[in-house]
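Let me begin by presenting the structure, written as C-alpha cells, before commenting on it.
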Amino acid sequence: MFDFGIVTKWLDDLLNSVMPTWLTTTIECVLVAVGLLVAYSLIAMFYIFYERKVCGWIQCRLGPMRVGKWGLLQVFADVIKILQKELITLWNTDKFLFKLAPYLVLIASMLTFACLPWGKGLQVIDMNIGVFFIVAVSSIGVLGILLAGWASNSKYTLIGAMRSGAQMISYELSCGISILTIVCLAGTMSITGIVEAQQDGWFLFKGHLPAILAFIIYMIAANAENNRGPFDLPEAEHELTAGYHTEYSGIHFGFFYLAEYLNLFIVSGIATLLFLGGWMPLHIPGWEGFNHIMDFIPSVVWFLGKAFFITFIFFWIRWSFPRVRIDQMLALEWRYLMPIGLVNLVVMAIIVTQKWYFGA
Amino acid sequence: MADIQDKITKLCPQAQVDTTGEFPLVTVPDAQWHDLARALKTQLHYDVLSAVVGMEWPDAFGCMYYLTNTSTHELLHVKVTAPDRENPRLHTVCDLWPVANFQEREVYDFYGIVFIGHPDMRRMFLRNDWVGYPLRKDYDPASNPLRLEDETNEDYTCRWVEDENGNVKKVDGKVFEDDEYVVNVGPQHPSTHGVMRYRASLDGETVKKIDVVSGYIHRGIEKMCESLTYPQMLLYTERMDYMAAHINRHCMCMCVEKALGLEVPRRAELIRLMMDELMRLSSHLLSYGCLTMDQGATTAFFYGFRERELIYDIFDRTCGARMSMSYSTIGGVVADVHEDFIKDVRNACDVIEKALKEYHKLFTGNVIAVNRMTGVGILSKEDAIAYDITGPSGRASGWHCDVRKTNPYSLYNEFDFDEITYENGDSMDRYMVRMKEMEQCIKILRQACDKLEAEGIQGEYIAPKVPKVMKLPAGHWYQQVEASRGAFGVFIESDGNTKPVRVHFQSPCFNLIGVVDLTCRDNLIADLITITASLDFVIPDIDR
Amino acid sequence: MDFSIFGVQSTTMAITAALTGVLLVVGALVIAWLIGPRSYTKKKGEPFECGIPTRGDSMAQFHVGYYLFAFRSGLCLEERSVEMEVKIKSMKHEDFKDNEYIDNLVEQLRAGGTNIIVGKLDQLMNWGVSNSLWPLCFGTSCCAIEFMCLGAARYDMARYGFEVARNSPRQADYIMCQGTINYRMAPALKRLYEQMAEPKYVIACGSCTVSGGPFKNSYCVVKGVDEIIPVDVYLPGCPPRPEAFFYALMQLQRKIKVQKYFGGVNRKEKLEGIKYDSEAMKETK
C-alpha cells in the first residue's frame, strides 16, 4: 500500500535543508491549511449534490440535471448565489452571540475534519488521545447551535435551540459509549493506532456481536448528533419553519448548511475509522491474492469510499422515516440506547480480556 | 312530517311549523328559541346542528338553523328572527351545540347580529378593524379600502350577558393573559396546508391553548354569488375546497336542478358519480402525502403524487383541465367522456390498488409513525357529534355520518360499498379511515365502469330542456353531499329572479377547526402538527 | 508529544485547523460583505413569525449601525456590447413569447456598453443566481397544489435546482404568490416580502394574483398583487399548468441573466414609503 509518509518526509527534508525550522513549520502549516480548506469545500459541495441526487433517486425523480452535464455544476451556482445575498441585520438580537455562532460551528467541524484518517501517512492531527479529542471538540458545535437559536430574538429559533440542546447532549453520551466499546477492543485511543489494529480484519467483523451492536448504536446516536434524519427536530421544517437558523440569511445561513453536510461526512468518517478499518483495505485472512489486489487501491480511495457508503445509509434512513417527537427521542436515548450501550461495553470488556474475538 | 309538527307545537305553542317544503320549517321568535332548542335536542333527539345561516329579510335580521337527527337522519329547519332591526340580537345556542361557537361568530361578522351569551363574540373572517357588515344589503364596499397596517389589539374579546330583567350588557375580556408565551403558527407555514393561523400559548413544548384566527383567504364568495346568475356561480364551488371541486359543483348543480325540477339523464349521473369518486381518490392521496410530509417522511409525499398524476390525466382528457375542471353543469355534464375513459379509469384503479399496499409498507407499519399518531388527538364520538365533525374525521370517532349512506343521492343506492368507521378517534384512526376509503372508491369505480360499459359508450350527457334563463321559484332549497372532507351543503334562498337572495355553503372544514383547540390542548407542538394534518382541512373551504 | 503529518507537533496542527476554520468564515463573510446588496426597512429587521408581528418582547433594545455601500468598478478596459440573446438551456429564443420585452430591457441596460471584467463577472453572478432560485413556501389557494405537483416526481423542478423551498424568507430568493391575496393577508405578504434578503424576485402566479381573477368583484380581495409588492413575472391561469410554471421560471431566469450585477442596480421600482438609508434607522426606536 502506498505510504504518503514518503512524500511528506521528502518535502519536509527538502524544506529543512534550505530554511530554518520555524519557517518550515509555518510553510507546512499553511500547506495543510490550504489542503484542509480545499478538501472541506469540495467535499461539502459534493455532499450537497450527492444528497440531492440520492434523494431524487429514492423519490423516483431525477434531481438537478440542467446546470452542467447531469447537474454537476448545480452546487457551484448555489454557492455563488448564496455568497451574493444580503446579510440582514436584525433588531434586538444579541449581536456578538449572533455573529459568534457560525464560528463555533465551523471551528468544531474543521477540527474534527482534520482528525480523520485520510490515508496512510496522511494523518493531519495524530494525538495519542485522538478519539477522545474528537469527542471533546465535537461538543463545541452544540454551543454554536444553542447560541444561534438564542441570539436570534425569535420564538421559533428559541424553541429550536432548546430542543437541540437537549438532543445533542443526550446523544453524545451514547456516541461516547459506543466509541469507548471500540477503544476497548482496539486497546488504544490514537487514531493511527486504531487503524493499524484493523490490519487483519475490520472491527465490525473482528468484534462480532458487541461491535455490531455498537455500530448500530453509533449510527443512531450519530444521526441524532447531526440533527439529521428521524432526529431533525431542531430544524424541523414542518413545525418550526426553519428552526434555529431561521433568522440567518445569505452566507451566514450557508455556514450552517455547509457544516451540516460536513458533519455528516465527519460522522461517517468516524464510523469508518472505528468499525470499517479507516483507510485499511478489505483483507480476508487466507486469500493472499485477493489481499494483494486490494492493496493496489490507494488508501484515500478506501477511506472515502467507505465514508460515502455509510453516508448513503444515512441518506436512506433520512428519506424513509418520519420524524420522532421530542419526548420519544429522549426516551429512546435514556431508556433504550444508554442501558444497552452500557451493557454492551461490559460485554466487550469481558470479550477482550478473555480474548474471545477473531484474530486474537 | 305531521307528527313532528304536533310535537313541536306542543313543546312551543308560539312556533309555527310549515310542512309544505322538502323538510319541516319551524318559525319561532327569539324569546322562545333557546328553550325550544334545548327541547329539540334533548327530547326530539336533534343532536346535530349542521349550519347556522345568517339572513337578512326585508323586515328583520335573523338566522336559519339546520338540525339533524342522528338516528333517523331527518332534517329540520328553524327560522329565528331578531326583534330589533337596528340592533339585532339573538340568544346563543353554543351551550347546546358547541359547533355554533364559530358559526355564530361568522354570522356576527357578516350581519352584525350579536349573540347573547356567546363566550367569545369576535369577528371570524374579517380584520378586527373592519367597518360594517359585508353581507348586509346596504353595505358599501368603499368603507373598507386596502389597509397595509398590521392588526392591533388581537387579544381583545367580549361577551354579551343578559340579567334577570332582560337587560343586555357588553363585558370585555382577553383571549390570552399578558404573561403567556404566545407563538404564531401561520399564516405562512408549510404545515397549515394553506393560510391558517393559530396563536398557540406554549409552556415549554406543551400547548396550553390555541386561538384559531382564520380569514386569510376569505374572498366573499357568498356575497358575490348574490350578484350572479346560477350558471355563473358554479365556478366558485370549485375554488373553495379545490380537492373536492367536482363534488361541490355536483352539489350545487343538484340543488338548482331540484329547484327547477330538472331531471338529469342517468348517464350524466353515472359520469358525475365516477368523477366524484375519482376526485375523492385524488383528495385522499393528497391528504396521505401531506400528512406523511408533515411528519417528516417526505418520500411518501412523492409516491402519493405520482399516483395522483394518473387521475389528473383522466381529468385532463375528459374535462380539459387538471384541477378546476368545470365539468358538471346544470342539467348534466358539459361534454361526453373521451373514448378511452373506461380503460384509463380501470388502469388507474389497478395501479392505485397496488400502490396502496406500498404506502402501508412505507408508512403505516413504521414504528415511529405508529408512536406519533396512536393516542394523539383523541376525538370522542360525543364530541364529534357535538361539533358536527363529518367525513373521515367523524367516522374515525365511530359516528356513521356518510351522506352517501344516510341520505343517498345520485346513484349511490345502486352501488355496493362499505362505510369505514373506527372507534378510537385518534390521529391513526383518521389516517386509516382515509386509506380504507380509497379502497372503497376503487370498488365503486370498478362497478361504475362495468355499468357505463354495459349501458353504452356514447349517450345522453345533458338534460334535453335546460332553460336558458334560470329563475328559481321563490323559496329555499338545501342539498347535502359527501365531499372528501365531510358533508358539504348548499343552501339557496330565491325570490323568483335569476339571481338568488342568499347562498350559503355549509363547509365541512369549518367545523374541523372548531376542534383544534379541543384536541390539541396539553399536547406537544409536534402533536399539533400531527393532529391538524390528520384532521385534514383545506383553508379556502373554511374561509369561503 | 505526538507528531502528525510532516512531523509537526499535533497541538500545532490542531491550532492550524482551528485557524483554518476561522479563516473560512472570515473570508466568506468578507466576500459577501463586498459584493452583497444592502437595504434596510423596519419590518425586515423584525423577527420572522410567519408574516405576523411577534407578540411581546424578548430582549432589551439597542441601535444597530448600518450604512449603504456602493461598489464602483475602477477598471476601465475596452468596452464592447454584450450579446443580445439570453440563452436558456434546451429552449430556443424564438419559442419565447415576449422577446421584445427582454430585448428592450437588454438594450436599455447595455446602452453604454460595459467593460470586460465587470461584464464577465456579471455573467458569472447572473449564471449562479438564475440557476439557484430558492422559492419561499407561500401558497394560499388552489395554485399551491399545482406548485406541489411541480415539485413532485413527474414535473420535478429539482432538475432546475429549484426544489430547495425554504420556509424562512431570509433564506428564500423569490416569492411565488400562489392563490388569492385578500385584505387580511396583504399586510402579512408585505411583511414577508420586506423580510426577504436582497436580491429578491416575485412571480405573480395565477389570475388571482395577476388581477384579482374570478374574485375581482369581491369586497376584500386585492386586485392584483402588484398593488402591494413589485412583480417580476406574471403567470396567468386558473390554475396554471405545471408547464406554464416552468415557462414563468425560465422567463425569470432570462430576466436575471440580463441583470447588471456589479455595474449597477437593475431594479427600477422601489417600494413606496421605504427609505433605503440611515434616515430609516433614526426613526425607529
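By order in the C-alpha cells, chains are A, B, ...; within a chain, residues start at 1; ligands start at 1, following the order shown.
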
Report the residues of range 86-141 of chain B whose backbone DSSP state falls under strand (DSSP E), written as a ChimeraX atom specification.
/B:89-91,114-116

Please build the interface table for chain C against chain A with a cut-off of 6 Å, listing for each qualifying residue the nearest atom pair and the distance in Å to one decimal; count only C-alpha atoms, order rows by chain and increasing number, and write it as a Markdown table.
```
| residue | atom | partner | partner_atom | distance |
| --- | --- | --- | --- | --- |
| C:Asp2 | CA | A:Met127 | CA | 5.3 |
| C:Ser4 | CA | A:Asp126 | CA | 5.0 |
| C:Ile5 | CA | A:Val124 | CA | 5.2 |
| C:Phe6 | CA | A:Thr8 | CA | 5.4 |
| C:Ser10 | CA | A:Ile125 | CA | 5.2 |
| C:Met13 | CA | A:Ile125 | CA | 6.0 |
| C:Ala17 | CA | A:Leu111 | CA | 5.6 |
| C:Ala18 | CA | A:Ile107 | CA | 5.4 |
| C:Thr20 | CA | A:Ala33 | CA | 5.7 |
| C:Gly21 | CA | A:Ile107 | CA | 4.9 |
| C:Ala32 | CA | A:Leu83 | CA | 5.1 |
| C:Ile35 | CA | A:Gln84 | CA | 5.9 |
| C:Gly36 | CA | A:Gln84 | CA | 4.6 |
| C:Pro37 | CA | A:Glu86 | CA | 5.3 |
| C:Arg38 | CA | A:Glu86 | CA | 5.9 |
| C:Gly45 | CA | A:Leu90 | CA | 4.2 |
| C:Glu46 | CA | A:Trp91 | CA | 6.0 |
| C:Pro47 | CA | A:Ser154 | CA | 5.4 |
| C:Gln61 | CA | A:Asn92 | CA | 5.1 |
| C:Gly128 | CA | A:Ala77 | CA | 3.9 |
| C:Val129 | CA | A:Lys81 | CA | 4.7 |
| C:Ser132 | CA | A:Asp78 | CA | 5.3 |
| C:Ala153 | CA | A:Arg61 | CA | 5.0 |
| C:Ala158 | CA | A:Gly63 | CA | 5.0 |
| C:Arg159 | CA | A:Pro64 | CA | 3.9 |
| C:Tyr160 | CA | A:Arg66 | CA | 5.6 |
| C:Gly161 | CA | A:Pro64 | CA | 5.3 |
| C:Asn167 | CA | A:Thr241 | CA | 5.1 |
| C:Ser168 | CA | A:Thr246 | CA | 5.7 |
| C:Arg170 | CA | A:Ser249 | CA | 4.9 |
| C:Gln171 | CA | A:Ser249 | CA | 5.2 |
| C:Ala197 | CA | A:Glu86 | CA | 5.3 |
| C:Glu198 | CA | A:Glu86 | CA | 5.3 |
```

Residue list for chain C near chain B as a tab-separated table (two decimals) with C-alpha atoms, in the first residue's frame, 8 Å, only C-alpha atoms:
```
chain	number	residue	atom	x	y	z
C	49	GLU	CA	-43.09	34.78	12.73
C	50	CYS	CA	-44.89	33.62	9.62
C	51	GLY	CA	-45.74	37.12	8.44
C	52	ILE	CA	-47.27	38.44	11.66
C	53	PRO	CA	-45.52	40.82	14.07
C	54	THR	CA	-44.41	39.00	17.16
C	55	ARG	CA	-46.33	39.43	20.37
C	137	CYS	CA	-43.12	28.30	0.63
C	138	PHE	CA	-46.09	30.55	0.15
C	139	GLY	CA	-49.35	29.16	-1.10
C	140	THR	CA	-52.74	30.44	-0.17
C	141	SER	CA	-55.06	28.64	-2.51
C	142	CYS	CA	-55.50	26.29	-5.47
C	149	CYS	CA	-47.30	18.88	-8.48
C	152	ALA	CA	-43.40	16.13	-7.39
C	153	ALA	CA	-41.85	13.36	-9.40
C	154	ARG	CA	-43.42	13.87	-12.82
C	167	ASN	CA	-39.73	28.41	4.82
C	180	THR	CA	-55.69	34.96	-3.94
C	181	ILE	CA	-54.43	37.67	-1.63
C	182	ASN	CA	-57.18	39.30	0.37
C	183	TYR	CA	-57.20	42.34	2.59
C	184	ARG	CA	-56.36	40.37	5.69
C	185	MET	CA	-53.41	38.61	4.12
C	186	ALA	CA	-51.98	41.71	2.44
C	187	PRO	CA	-50.02	43.07	5.44
C	188	ALA	CA	-48.60	39.62	6.10
C	190	LYS	CA	-45.90	42.76	2.56
C	215	PHE	CA	-62.75	37.30	-7.37
C	217	ASN	CA	-65.74	41.89	-7.67
C	218	SER	CA	-65.21	40.87	-4.09
C	219	TYR	CA	-65.19	43.38	-1.28
C	220	CYS	CA	-61.99	42.05	0.26
C	221	VAL	CA	-59.69	40.79	-2.48
C	222	VAL	CA	-56.58	42.64	-3.62
C	238	CYS	CA	-56.62	29.23	-13.06
C	239	PRO	CA	-54.62	27.34	-12.06
C	241	ARG	CA	-50.43	24.09	-15.62
```

Give the residues of chain B that lie within 6 Å of chain A; count only C-alpha atoms, and format the answer as a PDB file with N, CA and C atoms, in the first residue's frame.
```pdb
ATOM      1  N   PRO B 190     -45.551  25.912   6.371  1.00  0.00           N
ATOM      2  CA  PRO B 190     -45.740  24.779   5.466  1.00  0.00           C
ATOM      3  C   PRO B 190     -46.738  23.757   5.944  1.00  0.00           C
ATOM      4  N   SER B 191     -46.990  23.702   7.258  1.00  0.00           N
ATOM      5  CA  SER B 191     -47.843  22.621   7.738  1.00  0.00           C
ATOM      6  C   SER B 191     -49.276  23.010   7.968  1.00  0.00           C
ATOM      7  N   ASP B 294     -45.735  16.126   6.626  1.00  0.00           N
ATOM      8  CA  ASP B 294     -45.706  16.884   7.870  1.00  0.00           C
ATOM      9  C   ASP B 294     -45.031  16.113   8.982  1.00  0.00           C
ATOM     10  N   GLN B 295     -45.128  14.792   8.947  1.00  0.00           N
ATOM     11  CA  GLN B 295     -44.449  14.002   9.970  1.00  0.00           C
ATOM     12  C   GLN B 295     -42.975  13.872   9.663  1.00  0.00           C
ATOM     13  N   GLY B 296     -42.547  14.223   8.458  1.00  0.00           N
ATOM     14  CA  GLY B 296     -41.134  14.126   8.132  1.00  0.00           C
ATOM     15  C   GLY B 296     -40.812  13.081   7.085  1.00  0.00           C
ATOM     16  N   ALA B 297     -41.759  12.228   6.722  1.00  0.00           N
ATOM     17  CA  ALA B 297     -41.481  11.191   5.726  1.00  0.00           C
ATOM     18  C   ALA B 297     -41.787  11.750   4.347  1.00  0.00           C
ATOM     19  N   THR B 299     -40.642  11.223   1.421  1.00  0.00           N
ATOM     20  CA  THR B 299     -40.713  10.339   0.253  1.00  0.00           C
ATOM     21  C   THR B 299     -42.141   9.903  -0.027  1.00  0.00           C
TER      22      THR B 299
END
```

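We find CA of Asn291 in chain A and CA of Asp3 in chain A to be spaced 16.8 Å apart.
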
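The shell of residues at most 12 Å from Ile229 in chain C, with only C-alpha atoms counted and near chain neighbours (fewer than 4 positions) removed, consists of Leu148 of chain B; Ile175, Met176, Cys177, Ile181, Ala186, Pro187, Ala188, Leu189, Lys190, Arg191, Leu192, Tyr193, Glu194, Lys200, Tyr201, Val202, Ile203, Ala204, Thr209, Val210, Val222, Gly224, Val225, Glu269, Lys270, Leu271, Glu272 and Ile274 of chain C.
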
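By chain and then residue number, the residues within 8 Å of range 182-184 of chain A are Ile194, Phe203, Ala211, Ala214, Leu274, Phe275, Met348, Ala349 and Val352 of chain A, counting only C-alpha atoms and disregarding those fewer than 6 positions away in sequence.
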
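Neighbouring residues of Phe296 in chain A at 10 Å or closer, counting only C-alpha atoms and skipping chain neighbours under 4 positions away, are A:Met1, A:Phe2, A:Pro281, A:Asn291, A:His292.
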
Expected file contents, prior selection, C-alpha atoms, as an mmCIF file, in the first residue's frame:
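The resulting file, out12.cif, is shown below:
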```cif
data_model
loop_
_atom_site.group_PDB
_atom_site.id
_atom_site.type_symbol
_atom_site.label_atom_id
_atom_site.label_comp_id
_atom_site.auth_asym_id
_atom_site.auth_seq_id
_atom_site.Cartn_x
_atom_site.Cartn_y
_atom_site.Cartn_z
ATOM 1 C CA MET A 1 0.000 0.000 0.000
ATOM 2 C CA PHE A 2 1.404 3.385 -0.967
ATOM 3 C CA PRO A 281 -8.277 -2.262 2.616
ATOM 4 C CA ASN A 291 -5.495 -9.148 -0.420
ATOM 5 C CA HIS A 292 -2.671 -8.253 -2.757
#
```

So which bits of range 107-154 of chain C end up helix (DSSP H, G or I) when you DSSP the backbone, as number ranges by chain?
C: 107-109, 116-130, 143-151

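The spacing separating CA of Leu11 in chain B from CA of Val78 in chain B amounts to 14.1 Å.
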
Find the residues around Asn407 in chain B up to 9 Å (only C-alpha atoms counted), leave out those fewer than 3 positions away in its own chain, and share them as a PyMOL selection string.
chain B and resi 73-74+402-404+480-481
